[in-house]
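Everything below concerns the one structure shown next.
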Amino acid sequence: MNLTAVRTFIAVVDAGQFQVAAANLSITQQAVSKRIAALENDLGVRLFTRTLRGARLTIDGQAFLPHARALLDAEDRAAASVRPGCRPLRVDVIGRRLAPAGLLRDFHRAHPDIDLDVVTLFDAEAAIAAIRSGTIDATFRAVTMPGRQLPDGIETAPVFDEPLQLFTGPAHEFATARAVTPAQLAGHRIWMPGNSPGTEWSAYYDALATAFKLTIDSIGPNFGIEALLDTIADSSTLATFLSEQTPLVWPVGHDLRRIPLRDPTPVYPHSLLWHADNPHPALTALRGYLTSRPSGRPDTEIWTPEWAQRPQPPGW
């Protein structure tokens with residue numbers, strides 16, 4: 001159905017006269033008549049009866065009127081759903097308990113007027129595909145592609161280097177340590193059942209294990225963070241790595257320990273990825289907010305994989 005003709009029909013109804021409707025639409029009265037005639041021809045009924053006082057709806061016109069208004073309302077909603085600045089900014093945060101989700105929450109507190117739609121995709125490949133297709137506007141990821149370029153149009157910039165911590169139960173050898181070096185962990189079993197092969201976080205922990213001769217064990221079903229903490233709490237040999245800003249709550253009886261890593265401190269490199277052609281004004285606001293934040297790097301010596309050792313580009 002020709003929505004321009006439907007809009008003209010509504011204009012005539014609201015104005016009560018073809019001549020006034022033409023003036024309101026900035027077209028000629030003849031153009032209004034042609035549009036109404038074409039609509040009546042499509043519907044197979046007369047919509048108006050002309051009188052000395054103007055245009056009066058026929059019984060078919062009265063039946064059509066609420067549906068015509070609904071059509072125009074649907075058109076407006078359809079346009080608003082994709083119009084930059086009208087729809088929510090859709091951002092992938094990899095996990096709702098991880099630091100990127102915290103960054104996005106801080107951004108929302110600073111810009112409460114900006115609508116956000118938060119999603120959690122599985123890995124960087126899925127997130128990049130979603131950016132290219134327009135399913136999401138941006139993603140927080142570790143970029144592990146030093147040997148090849150990102151797809152055309154995808155831009156990236158580092159936004160936050162998050163320190164890692166060792167997580168143990170009360171009976172572990174390092175449970176009372178004030179800090180531990182990565183080298184001290186050689187020969188100890190670091191259990192990370194969520195370390196899925198082929199993901200960007202698996203690439204990070206593989207590089208960490210190689211650099212410091214660590215044993216990172218991903219064997220076993222991943223029942224989630226709560227099950228992991230239950231196992232760590234009861235073990236004298238198992239430990240795991242968690243990011244410094246991962247918020248956790250556990251039963252008091254677990255007596256779990258978060259132990260800083262020093263000399264060097266491994267940091268996980270979070271970057272923001274987006275499409276260069278994305279016009280959403282909230283994306284510009286998000287990038288500006290992240291640029292204005294402190295880098296988050298600790299004051300101590302840090303370690304991060306070679307593929308993450310890149311300067312932040314100016315003015316991104």
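Residue numbering restarts at 1 for every chain of the structure tokens, chains are lettered A, B, ... in their displayed order, and ligands are numbered from 1 as they appear.
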Taking the backbone alone, and naming residues the way the document does, which bits of segment 85-229 of chain A are strand (DSSP E) by DSSP, as an MDAnalysis selection string? chainID A and resid 89:92 116:119 138:141 154:168 189:191 215:217
Kindly save the residues from that selection, with N, CA and C atoms included, as an mmCIF file, in the first residue's frame.
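Saved to out.cif:
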```
data_model
loop_
_atom_site.group_PDB
_atom_site.id
_atom_site.type_symbol
_atom_site.label_atom_id
_atom_site.label_comp_id
_atom_site.auth_asym_id
_atom_site.auth_seq_id
_atom_site.Cartn_x
_atom_site.Cartn_y
_atom_site.Cartn_z
ATOM 1 N N LEU A 89 21.960 2.149 21.905
ATOM 2 C CA LEU A 89 23.294 1.727 21.482
ATOM 3 C C LEU A 89 23.487 0.290 21.942
ATOM 4 N N ARG A 90 23.791 -0.596 20.995
ATOM 5 C CA ARG A 90 23.893 -2.023 21.320
ATOM 6 C C ARG A 90 25.364 -2.414 21.436
ATOM 7 N N VAL A 91 25.752 -2.857 22.645
ATOM 8 C CA VAL A 91 27.159 -3.122 22.942
ATOM 9 C C VAL A 91 27.316 -4.514 23.526
ATOM 10 N N ASP A 92 28.331 -5.223 23.042
ATOM 11 C CA ASP A 92 28.670 -6.551 23.542
ATOM 12 C C ASP A 92 29.751 -6.417 24.616
ATOM 13 N N LEU A 116 20.875 2.008 26.369
ATOM 14 C CA LEU A 116 21.834 0.961 26.039
ATOM 15 C C LEU A 116 21.119 -0.383 25.929
ATOM 16 N N ASP A 117 21.580 -1.192 25.013
ATOM 17 C CA ASP A 117 21.142 -2.580 24.891
ATOM 18 C C ASP A 117 22.398 -3.429 25.032
ATOM 19 N N VAL A 118 22.526 -4.158 26.141
ATOM 20 C CA VAL A 118 23.743 -4.909 26.450
ATOM 21 C C VAL A 118 23.556 -6.357 26.044
ATOM 22 N N VAL A 119 24.515 -6.885 25.261
ATOM 23 C CA VAL A 119 24.456 -8.276 24.824
ATOM 24 C C VAL A 119 25.766 -8.962 25.198
ATOM 25 N N ALA A 138 29.148 -1.982 18.947
ATOM 26 C CA ALA A 138 30.513 -2.042 19.441
ATOM 27 C C ALA A 138 30.681 -3.259 20.333
ATOM 28 N N THR A 139 31.924 -3.625 20.583
ATOM 29 C CA THR A 139 32.222 -4.739 21.470
ATOM 30 C C THR A 139 33.508 -4.449 22.224
ATOM 31 N N PHE A 140 33.597 -4.970 23.439
ATOM 32 C CA PHE A 140 34.842 -4.946 24.214
ATOM 33 C C PHE A 140 35.493 -6.316 24.067
ATOM 34 N N ARG A 141 36.695 -6.353 23.507
ATOM 35 C CA ARG A 141 37.383 -7.617 23.262
ATOM 36 C C ARG A 141 38.891 -7.445 23.382
ATOM 37 N N ILE A 154 36.477 -2.212 10.248
ATOM 38 C CA ILE A 154 36.481 -2.428 11.694
ATOM 39 C C ILE A 154 37.646 -1.659 12.310
ATOM 40 N N GLU A 155 37.332 -0.809 13.262
ATOM 41 C CA GLU A 155 38.362 -0.052 13.959
ATOM 42 C C GLU A 155 38.425 -0.510 15.415
ATOM 43 N N THR A 156 39.597 -0.321 16.022
ATOM 44 C CA THR A 156 39.806 -0.769 17.386
ATOM 45 C C THR A 156 40.754 0.159 18.114
ATOM 46 N N ALA A 157 40.592 0.218 19.414
ATOM 47 C CA ALA A 157 41.500 0.991 20.254
ATOM 48 C C ALA A 157 41.523 0.383 21.647
ATOM 49 N N PRO A 158 42.696 0.281 22.265
ATOM 50 C CA PRO A 158 42.769 -0.243 23.634
ATOM 51 C C PRO A 158 42.093 0.713 24.606
ATOM 52 N N VAL A 159 41.364 0.163 25.572
ATOM 53 C CA VAL A 159 40.651 1.021 26.522
ATOM 54 C C VAL A 159 40.976 0.715 27.976
ATOM 55 N N PHE A 160 41.418 -0.514 28.286
ATOM 56 C CA PHE A 160 41.628 -0.838 29.689
ATOM 57 C C PHE A 160 42.504 -2.078 29.815
ATOM 58 N N ASP A 161 43.578 -1.977 30.604
ATOM 59 C CA ASP A 161 44.423 -3.118 30.921
ATOM 60 C C ASP A 161 44.126 -3.541 32.351
ATOM 61 N N GLU A 162 43.495 -4.708 32.504
ATOM 62 C CA GLU A 162 43.000 -5.130 33.814
ATOM 63 C C GLU A 162 43.955 -6.121 34.473
ATOM 64 N N PRO A 163 44.463 -5.796 35.669
ATOM 65 C CA PRO A 163 45.379 -6.716 36.358
ATOM 66 C C PRO A 163 44.697 -8.031 36.729
ATOM 67 N N LEU A 164 45.465 -9.114 36.663
ATOM 68 C CA LEU A 164 44.988 -10.415 37.115
ATOM 69 C C LEU A 164 45.364 -10.628 38.577
ATOM 70 N N GLN A 165 44.608 -11.486 39.251
ATOM 71 C CA GLN A 165 44.904 -11.900 40.610
ATOM 72 C C GLN A 165 44.847 -13.422 40.693
ATOM 73 N N LEU A 166 45.596 -13.972 41.651
ATOM 74 C CA LEU A 166 45.517 -15.393 41.938
ATOM 75 C C LEU A 166 44.400 -15.618 42.949
ATOM 76 N N PHE A 167 43.615 -16.636 42.718
ATOM 77 C CA PHE A 167 42.468 -16.930 43.581
ATOM 78 C C PHE A 167 42.674 -18.312 44.180
ATOM 79 N N THR A 168 42.699 -18.427 45.532
ATOM 80 C CA THR A 168 42.952 -19.702 46.181
ATOM 81 C C THR A 168 41.992 -19.914 47.348
ATOM 82 N N ARG A 189 49.098 -25.983 39.710
ATOM 83 C CA ARG A 189 47.982 -26.219 38.790
ATOM 84 C C ARG A 189 46.997 -25.057 38.872
ATOM 85 N N ILE A 190 46.845 -24.360 37.754
ATOM 86 C CA ILE A 190 45.867 -23.278 37.620
ATOM 87 C C ILE A 190 44.687 -23.836 36.839
ATOM 88 N N TRP A 191 43.537 -23.906 37.497
ATOM 89 C CA TRP A 191 42.373 -24.550 36.882
ATOM 90 C C TRP A 191 41.435 -23.502 36.319
ATOM 91 N N THR A 215 51.195 -24.158 34.292
ATOM 92 C CA THR A 215 50.287 -25.233 33.900
ATOM 93 C C THR A 215 48.858 -24.740 34.092
ATOM 94 N N ILE A 216 48.202 -24.391 32.977
ATOM 95 C CA ILE A 216 46.805 -23.940 33.027
ATOM 96 C C ILE A 216 45.934 -25.066 32.511
ATOM 97 N N ASP A 217 45.111 -25.606 33.396
ATOM 98 C CA ASP A 217 44.309 -26.794 33.123
ATOM 99 C C ASP A 217 42.873 -26.363 32.822
#
```
Fewer than 6 positions away in the same chain doesn't count, so skip those; otherwise give me all residues within 7 Å of Ile131 of chain A, counting only C-alpha atoms, as number ranges by chain. A: 137-138, 274-275
Show which residues sit within 10 Å of Phe174 of chain A, as a VMD selection string. Count only C-alpha atoms, and ignore same-chain residues fewer than 5 positions away. chain A and resid 166 to 169 179 to 180 184 to 185 236 to 237 239 257 259
Keeping only N, CA, C and O atoms, write those residues as a PDB file, in the first residue's frame.
```pdb
ATOM      1  N   LEU A 166      45.596 -13.972  41.651  1.00  0.00           N
ATOM      2  CA  LEU A 166      45.517 -15.393  41.938  1.00  0.00           C
ATOM      3  C   LEU A 166      44.400 -15.618  42.949  1.00  0.00           C
ATOM      4  O   LEU A 166      44.276 -14.865  43.921  1.00  0.00           O
ATOM      5  N   PHE A 167      43.615 -16.636  42.718  1.00  0.00           N
ATOM      6  CA  PHE A 167      42.468 -16.930  43.581  1.00  0.00           C
ATOM      7  C   PHE A 167      42.674 -18.312  44.180  1.00  0.00           C
ATOM      8  O   PHE A 167      42.798 -19.294  43.456  1.00  0.00           O
ATOM      9  N   THR A 168      42.699 -18.427  45.532  1.00  0.00           N
ATOM     10  CA  THR A 168      42.952 -19.702  46.181  1.00  0.00           C
ATOM     11  C   THR A 168      41.992 -19.914  47.348  1.00  0.00           C
ATOM     12  O   THR A 168      41.355 -18.974  47.830  1.00  0.00           O
ATOM     13  N   GLY A 169      41.953 -21.165  47.828  1.00  0.00           N
ATOM     14  CA  GLY A 169      41.274 -21.486  49.068  1.00  0.00           C
ATOM     15  C   GLY A 169      42.219 -21.311  50.240  1.00  0.00           C
ATOM     16  O   GLY A 169      43.425 -21.078  50.065  1.00  0.00           O
ATOM     17  N   ALA A 179      51.643 -11.195  48.118  1.00  0.00           N
ATOM     18  CA  ALA A 179      51.721 -11.090  46.660  1.00  0.00           C
ATOM     19  C   ALA A 179      52.514 -12.288  46.153  1.00  0.00           C
ATOM     20  O   ALA A 179      53.278 -12.904  46.902  1.00  0.00           O
ATOM     21  N   VAL A 180      52.311 -12.622  44.894  1.00  0.00           N
ATOM     22  CA  VAL A 180      52.986 -13.752  44.259  1.00  0.00           C
ATOM     23  C   VAL A 180      53.480 -13.309  42.895  1.00  0.00           C
ATOM     24  O   VAL A 180      52.803 -12.531  42.203  1.00  0.00           O
ATOM     25  N   GLN A 184      56.686 -17.780  40.404  1.00  0.00           N
ATOM     26  CA  GLN A 184      56.469 -18.668  41.543  1.00  0.00           C
ATOM     27  C   GLN A 184      55.369 -19.701  41.271  1.00  0.00           C
ATOM     28  O   GLN A 184      55.285 -20.706  41.986  1.00  0.00           O
ATOM     29  N   LEU A 185      54.551 -19.459  40.288  1.00  0.00           N
ATOM     30  CA  LEU A 185      53.428 -20.353  40.014  1.00  0.00           C
ATOM     31  C   LEU A 185      53.805 -21.524  39.116  1.00  0.00           C
ATOM     32  O   LEU A 185      52.979 -22.406  38.879  1.00  0.00           O
ATOM     33  N   SER A 236      43.648 -27.755  48.280  1.00  0.00           N
ATOM     34  CA  SER A 236      44.949 -27.238  48.730  1.00  0.00           C
ATOM     35  C   SER A 236      45.932 -27.111  47.574  1.00  0.00           C
ATOM     36  O   SER A 236      47.039 -26.612  47.751  1.00  0.00           O
ATOM     37  N   THR A 237      45.539 -27.572  46.380  1.00  0.00           N
ATOM     38  CA  THR A 237      46.449 -27.552  45.237  1.00  0.00           C
ATOM     39  C   THR A 237      45.938 -26.726  44.058  1.00  0.00           C
ATOM     40  O   THR A 237      46.736 -26.272  43.241  1.00  0.00           O
ATOM     41  N   ALA A 239      44.284 -23.540  42.104  1.00  0.00           N
ATOM     42  CA  ALA A 239      44.083 -22.092  42.152  1.00  0.00           C
ATOM     43  C   ALA A 239      43.553 -21.679  40.789  1.00  0.00           C
ATOM     44  O   ALA A 239      43.529 -22.480  39.840  1.00  0.00           O
ATOM     45  N   ARG A 257      40.730 -16.447  48.944  1.00  0.00           N
ATOM     46  CA  ARG A 257      41.759 -15.406  48.985  1.00  0.00           C
ATOM     47  C   ARG A 257      42.030 -14.867  47.580  1.00  0.00           C
ATOM     48  O   ARG A 257      42.226 -15.637  46.642  1.00  0.00           O
ATOM     49  N   ILE A 259      44.856 -12.833  45.709  1.00  0.00           N
ATOM     50  CA  ILE A 259      46.265 -12.512  45.943  1.00  0.00           C
ATOM     51  C   ILE A 259      46.815 -11.757  44.740  1.00  0.00           C
ATOM     52  O   ILE A 259      46.767 -12.260  43.610  1.00  0.00           O
TER      53      ILE A 259
END
```
Go ahead and compute the interatomic distance for atom CA of Arg97 of chain A and atom CA of Leu228 of chain A, in Å to one decimal.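 Atom CA of Arg97 of chain A sits 14.6 Å away from atom CA of Leu228 of chain A.
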If we count only C-alpha atoms, what is near Asp42 of chain A at a cut-off of 12 Å, once residues fewer than 3 positions away on the same chain are taken out, given as a PyMOL selection string? chain A and resi 1-2+5-6+35-39+45-47
When you count only C-alpha atoms, which of these residues is closest to Leu256 of chain A: A:Pro221, A:Gly187, A:Gly54, A:Pro170?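 Checking each of A:Pro221, A:Gly187, A:Gly54, A:Pro170 against Leu256 of chain A, counting only C-alpha atoms, the winner is A:Pro170.
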Atomic separation - atom CA of Asp299 of chain A relative to atom CA of Asp263 of chain A, Å: 11.0 Å
Identify, on the basis of only C-alpha atoms, every residue whose closest approach to Thr51 of chain A does not exceed 12 Å; exclude the query and any residue fewer than 3 positions from it along the same chain; express the result as a compact mmCIF listing (two decimals) with C-alpha atoms, in the first residue's frame.
```
# COMPACT_ATOMS: atom_id res chain seq x y z
CA GLY A 16 -11.83 18.36 6.38
CA GLN A 17 -11.15 19.80 2.91
CA PHE A 18 -8.95 18.81 -0.05
CA PHE A 48 -14.84 10.43 0.69
CA GLY A 54 -15.73 19.87 2.30
CA ALA A 55 -14.92 16.16 2.32
CA ARG A 56 -16.92 13.69 4.40
CA LEU A 57 -15.86 10.11 5.10
CA THR A 58 -17.99 7.35 3.63
```
Any idea what's packed within 8 Å of Leu72 of chain A, counting only C-alpha atoms, ignoring anything in its chain fewer than 4 positions away? Could you give it as number ranges by chain? A: 3, 6-7, 68, 76
Using only C-alpha atoms, which residue out of A:Phe9, A:Trp250, A:Trp303, A:Phe122 lies closest to Thr231 of chain A?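 Of A:Phe9, A:Trp250, A:Trp303, A:Phe122, the one nearest Thr231 of chain A is A:Trp250, counting only C-alpha atoms.
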Select from segment 77-178 of chain A everything DSSP, run on the backbone, classes as helix (DSSP H, G or I), then give the selection as a PyMOL selection string. chain A and resi 77-82+99-110+124-133
Print the selection's residues with N, CA and C atoms to a file, as an mmCIF file, in the first residue's frame.
```cif
data_model
loop_
_atom_site.group_PDB
_atom_site.id
_atom_site.type_symbol
_atom_site.label_atom_id
_atom_site.label_comp_id
_atom_site.auth_asym_id
_atom_site.auth_seq_id
_atom_site.Cartn_x
_atom_site.Cartn_y
_atom_site.Cartn_z
ATOM 1 N N ARG A 77 7.456 4.059 13.779
ATOM 2 C CA ARG A 77 8.204 3.188 14.686
ATOM 3 C C ARG A 77 9.308 2.444 13.948
ATOM 4 N N ALA A 78 9.014 2.017 12.719
ATOM 5 C CA ALA A 78 10.020 1.307 11.929
ATOM 6 C C ALA A 78 11.218 2.201 11.638
ATOM 7 N N ALA A 79 10.946 3.454 11.270
ATOM 8 C CA ALA A 79 12.041 4.394 10.993
ATOM 9 C C ALA A 79 12.828 4.706 12.256
ATOM 10 N N ALA A 80 12.119 4.883 13.385
ATOM 11 C CA ALA A 80 12.791 5.217 14.637
ATOM 12 C C ALA A 80 13.659 4.074 15.134
ATOM 13 N N SER A 81 13.293 2.826 14.788
ATOM 14 C CA SER A 81 14.043 1.677 15.289
ATOM 15 C C SER A 81 15.457 1.626 14.741
ATOM 16 N N VAL A 82 15.706 2.289 13.607
ATOM 17 C CA VAL A 82 17.047 2.267 13.002
ATOM 18 C C VAL A 82 17.638 3.657 12.854
ATOM 19 N N ALA A 99 35.067 -6.817 33.605
ATOM 20 C CA ALA A 99 35.361 -5.384 33.623
ATOM 21 C C ALA A 99 34.651 -4.584 32.533
ATOM 22 N N PRO A 100 34.527 -5.079 31.280
ATOM 23 C CA PRO A 100 33.817 -4.289 30.270
ATOM 24 C C PRO A 100 32.398 -3.930 30.667
ATOM 25 N N ALA A 101 31.707 -4.857 31.335
ATOM 26 C CA ALA A 101 30.349 -4.542 31.803
ATOM 27 C C ALA A 101 30.401 -3.417 32.825
ATOM 28 N N GLY A 102 31.435 -3.420 33.671
ATOM 29 C CA GLY A 102 31.604 -2.339 34.631
ATOM 30 C C GLY A 102 31.882 -1.012 33.951
ATOM 31 N N LEU A 103 32.699 -1.029 32.891
ATOM 32 C CA LEU A 103 32.960 0.197 32.124
ATOM 33 C C LEU A 103 31.669 0.744 31.535
ATOM 34 N N LEU A 104 30.834 -0.156 31.015
ATOM 35 C CA LEU A 104 29.588 0.277 30.395
ATOM 36 C C LEU A 104 28.616 0.815 31.447
ATOM 37 N N ARG A 105 28.606 0.190 32.638
ATOM 38 C CA ARG A 105 27.761 0.714 33.715
ATOM 39 C C ARG A 105 28.213 2.113 34.130
ATOM 40 N N ASP A 106 29.523 2.323 34.223
ATOM 41 C CA ASP A 106 30.046 3.651 34.569
ATOM 42 C C ASP A 106 29.672 4.678 33.504
ATOM 43 N N PHE A 107 29.737 4.265 32.228
ATOM 44 C CA PHE A 107 29.333 5.156 31.143
ATOM 45 C C PHE A 107 27.870 5.531 31.263
ATOM 46 N N HIS A 108 27.026 4.544 31.601
ATOM 47 C CA HIS A 108 25.592 4.818 31.731
ATOM 48 C C HIS A 108 25.314 5.758 32.904
ATOM 49 N N ARG A 109 26.078 5.612 33.986
ATOM 50 C CA ARG A 109 25.905 6.537 35.113
ATOM 51 C C ARG A 109 26.282 7.957 34.703
ATOM 52 N N ALA A 110 27.313 8.088 33.877
ATOM 53 C CA ALA A 110 27.734 9.405 33.415
ATOM 54 C C ALA A 110 26.806 9.969 32.355
ATOM 55 N N ALA A 124 35.438 -13.253 20.024
ATOM 56 C CA ALA A 124 35.730 -12.087 19.193
ATOM 57 C C ALA A 124 35.248 -12.277 17.760
ATOM 58 N N GLU A 125 35.373 -13.488 17.217
ATOM 59 C CA GLU A 125 34.936 -13.722 15.846
ATOM 60 C C GLU A 125 33.435 -13.450 15.701
ATOM 61 N N ALA A 126 32.649 -13.926 16.669
ATOM 62 C CA ALA A 126 31.208 -13.685 16.628
ATOM 63 C C ALA A 126 30.902 -12.205 16.781
ATOM 64 N N ALA A 127 31.650 -11.521 17.646
ATOM 65 C CA ALA A 127 31.408 -10.099 17.881
ATOM 66 C C ALA A 127 31.763 -9.271 16.648
ATOM 67 N N ILE A 128 32.874 -9.590 15.991
ATOM 68 C CA ILE A 128 33.279 -8.855 14.793
ATOM 69 C C ILE A 128 32.267 -9.075 13.671
ATOM 70 N N ALA A 129 31.782 -10.301 13.527
ATOM 71 C CA ALA A 129 30.755 -10.580 12.520
ATOM 72 C C ALA A 129 29.493 -9.774 12.809
ATOM 73 N N ALA A 130 29.152 -9.627 14.086
ATOM 74 C CA ALA A 130 27.956 -8.860 14.453
ATOM 75 C C ALA A 130 28.143 -7.371 14.168
ATOM 76 N N ILE A 131 29.350 -6.858 14.349
ATOM 77 C CA ILE A 131 29.626 -5.458 14.007
ATOM 78 C C ILE A 131 29.485 -5.257 12.502
ATOM 79 N N ARG A 132 30.040 -6.169 11.722
ATOM 80 C CA ARG A 132 29.994 -6.038 10.263
ATOM 81 C C ARG A 132 28.565 -6.111 9.738
ATOM 82 N N SER A 133 27.727 -6.936 10.368
ATOM 83 C CA SER A 133 26.349 -7.081 9.911
ATOM 84 C C SER A 133 25.431 -6.000 10.458
#
```
Which is closer to Thr210 of chain A than all the others in A:Gly194, A:Pro251, A:Pro305, A:Gly288, using only C-alpha atoms?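 With only C-alpha atoms as the atom set, the closest residue is A:Pro305.
You will find atom CA of Lys213 of chain A at 28.9 Å from atom CA of His254 of chain A.
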My list of candidates is A:Ala177, A:Ala186, A:Ile219, A:Leu214. Which is closest to Arg258 of chain A when distances are computed with only C-alpha atoms?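 Once distances to Arg258 of chain A are computed over only C-alpha atoms, the minimum belongs to A:Ala177.
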Closest to Arg87 of chain A among A:Ala209, A:Leu121, A:Ala227, A:Ala282, using only C-alpha atoms?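 Comparing A:Ala209, A:Leu121, A:Ala227, A:Ala282 against Arg87 of chain A, the winner is A:Ala282.
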All residues 8 Å or closer to Thr265 of chain A, only C-alpha atoms, same chain fewer than 3 positions away omitted, as a PDB file with N, CA and C atoms, in the first residue's frame:
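Output contents, as saved in around-v9.pdb:
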```pdb
ATOM      1  N   PRO A 163      44.463  -5.796  35.669  1.00  0.00           N
ATOM      2  CA  PRO A 163      45.379  -6.716  36.358  1.00  0.00           C
ATOM      3  C   PRO A 163      44.697  -8.031  36.729  1.00  0.00           C
ATOM      4  N   LEU A 164      45.465  -9.114  36.663  1.00  0.00           N
ATOM      5  CA  LEU A 164      44.988 -10.415  37.115  1.00  0.00           C
ATOM      6  C   LEU A 164      45.364 -10.628  38.577  1.00  0.00           C
ATOM      7  N   THR A 181      54.655 -13.768  42.498  1.00  0.00           N
ATOM      8  CA  THR A 181      55.129 -13.496  41.146  1.00  0.00           C
ATOM      9  C   THR A 181      54.640 -14.594  40.220  1.00  0.00           C
ATOM     10  N   PRO A 182      54.447 -14.306  38.940  1.00  0.00           N
ATOM     11  CA  PRO A 182      54.052 -15.369  38.013  1.00  0.00           C
ATOM     12  C   PRO A 182      55.053 -16.516  37.983  1.00  0.00           C
ATOM     13  N   LEU A 261      49.231 -10.318  41.879  1.00  0.00           N
ATOM     14  CA  LEU A 261      50.391 -10.810  41.131  1.00  0.00           C
ATOM     15  C   LEU A 261      51.327  -9.640  40.865  1.00  0.00           C
ATOM     16  N   ARG A 262      52.600  -9.820  41.124  1.00  0.00           N
ATOM     17  CA  ARG A 262      53.581  -8.736  41.006  1.00  0.00           C
ATOM     18  C   ARG A 262      54.837  -9.237  40.292  1.00  0.00           C
ATOM     19  N   PRO A 298      48.414  -0.699  36.289  1.00  0.00           N
ATOM     20  CA  PRO A 298      49.013  -0.547  37.615  1.00  0.00           C
ATOM     21  C   PRO A 298      50.365   0.150  37.521  1.00  0.00           C
ATOM     22  N   THR A 300      53.076  -0.852  38.888  1.00  0.00           N
ATOM     23  CA  THR A 300      54.160  -1.829  38.868  1.00  0.00           C
ATOM     24  C   THR A 300      54.472  -2.260  37.434  1.00  0.00           C
ATOM     25  N   GLU A 301      55.541  -3.045  37.269  1.00  0.00           N
ATOM     26  CA  GLU A 301      55.883  -3.621  35.975  1.00  0.00           C
ATOM     27  C   GLU A 301      54.752  -4.548  35.539  1.00  0.00           C
ATOM     28  N   ILE A 302      54.379  -4.493  34.270  1.00  0.00           N
ATOM     29  CA  ILE A 302      53.273  -5.310  33.785  1.00  0.00           C
ATOM     30  C   ILE A 302      53.751  -6.268  32.703  1.00  0.00           C
ATOM     31  N   TRP A 303      52.913  -7.297  32.479  1.00  0.00           N
ATOM     32  CA  TRP A 303      53.120  -8.208  31.360  1.00  0.00           C
ATOM     33  C   TRP A 303      51.824  -8.312  30.590  1.00  0.00           C
TER      34      TRP A 303
END
```
Shortest interatomic distance to Glu173 of chain A - which of A:Leu71, A:Ala142, A:Leu238, A:Ile225, counting only C-alpha atoms: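 Of A:Leu71, A:Ala142, A:Leu238, A:Ile225, the one nearest Glu173 of chain A is A:Leu238, counting only C-alpha atoms.
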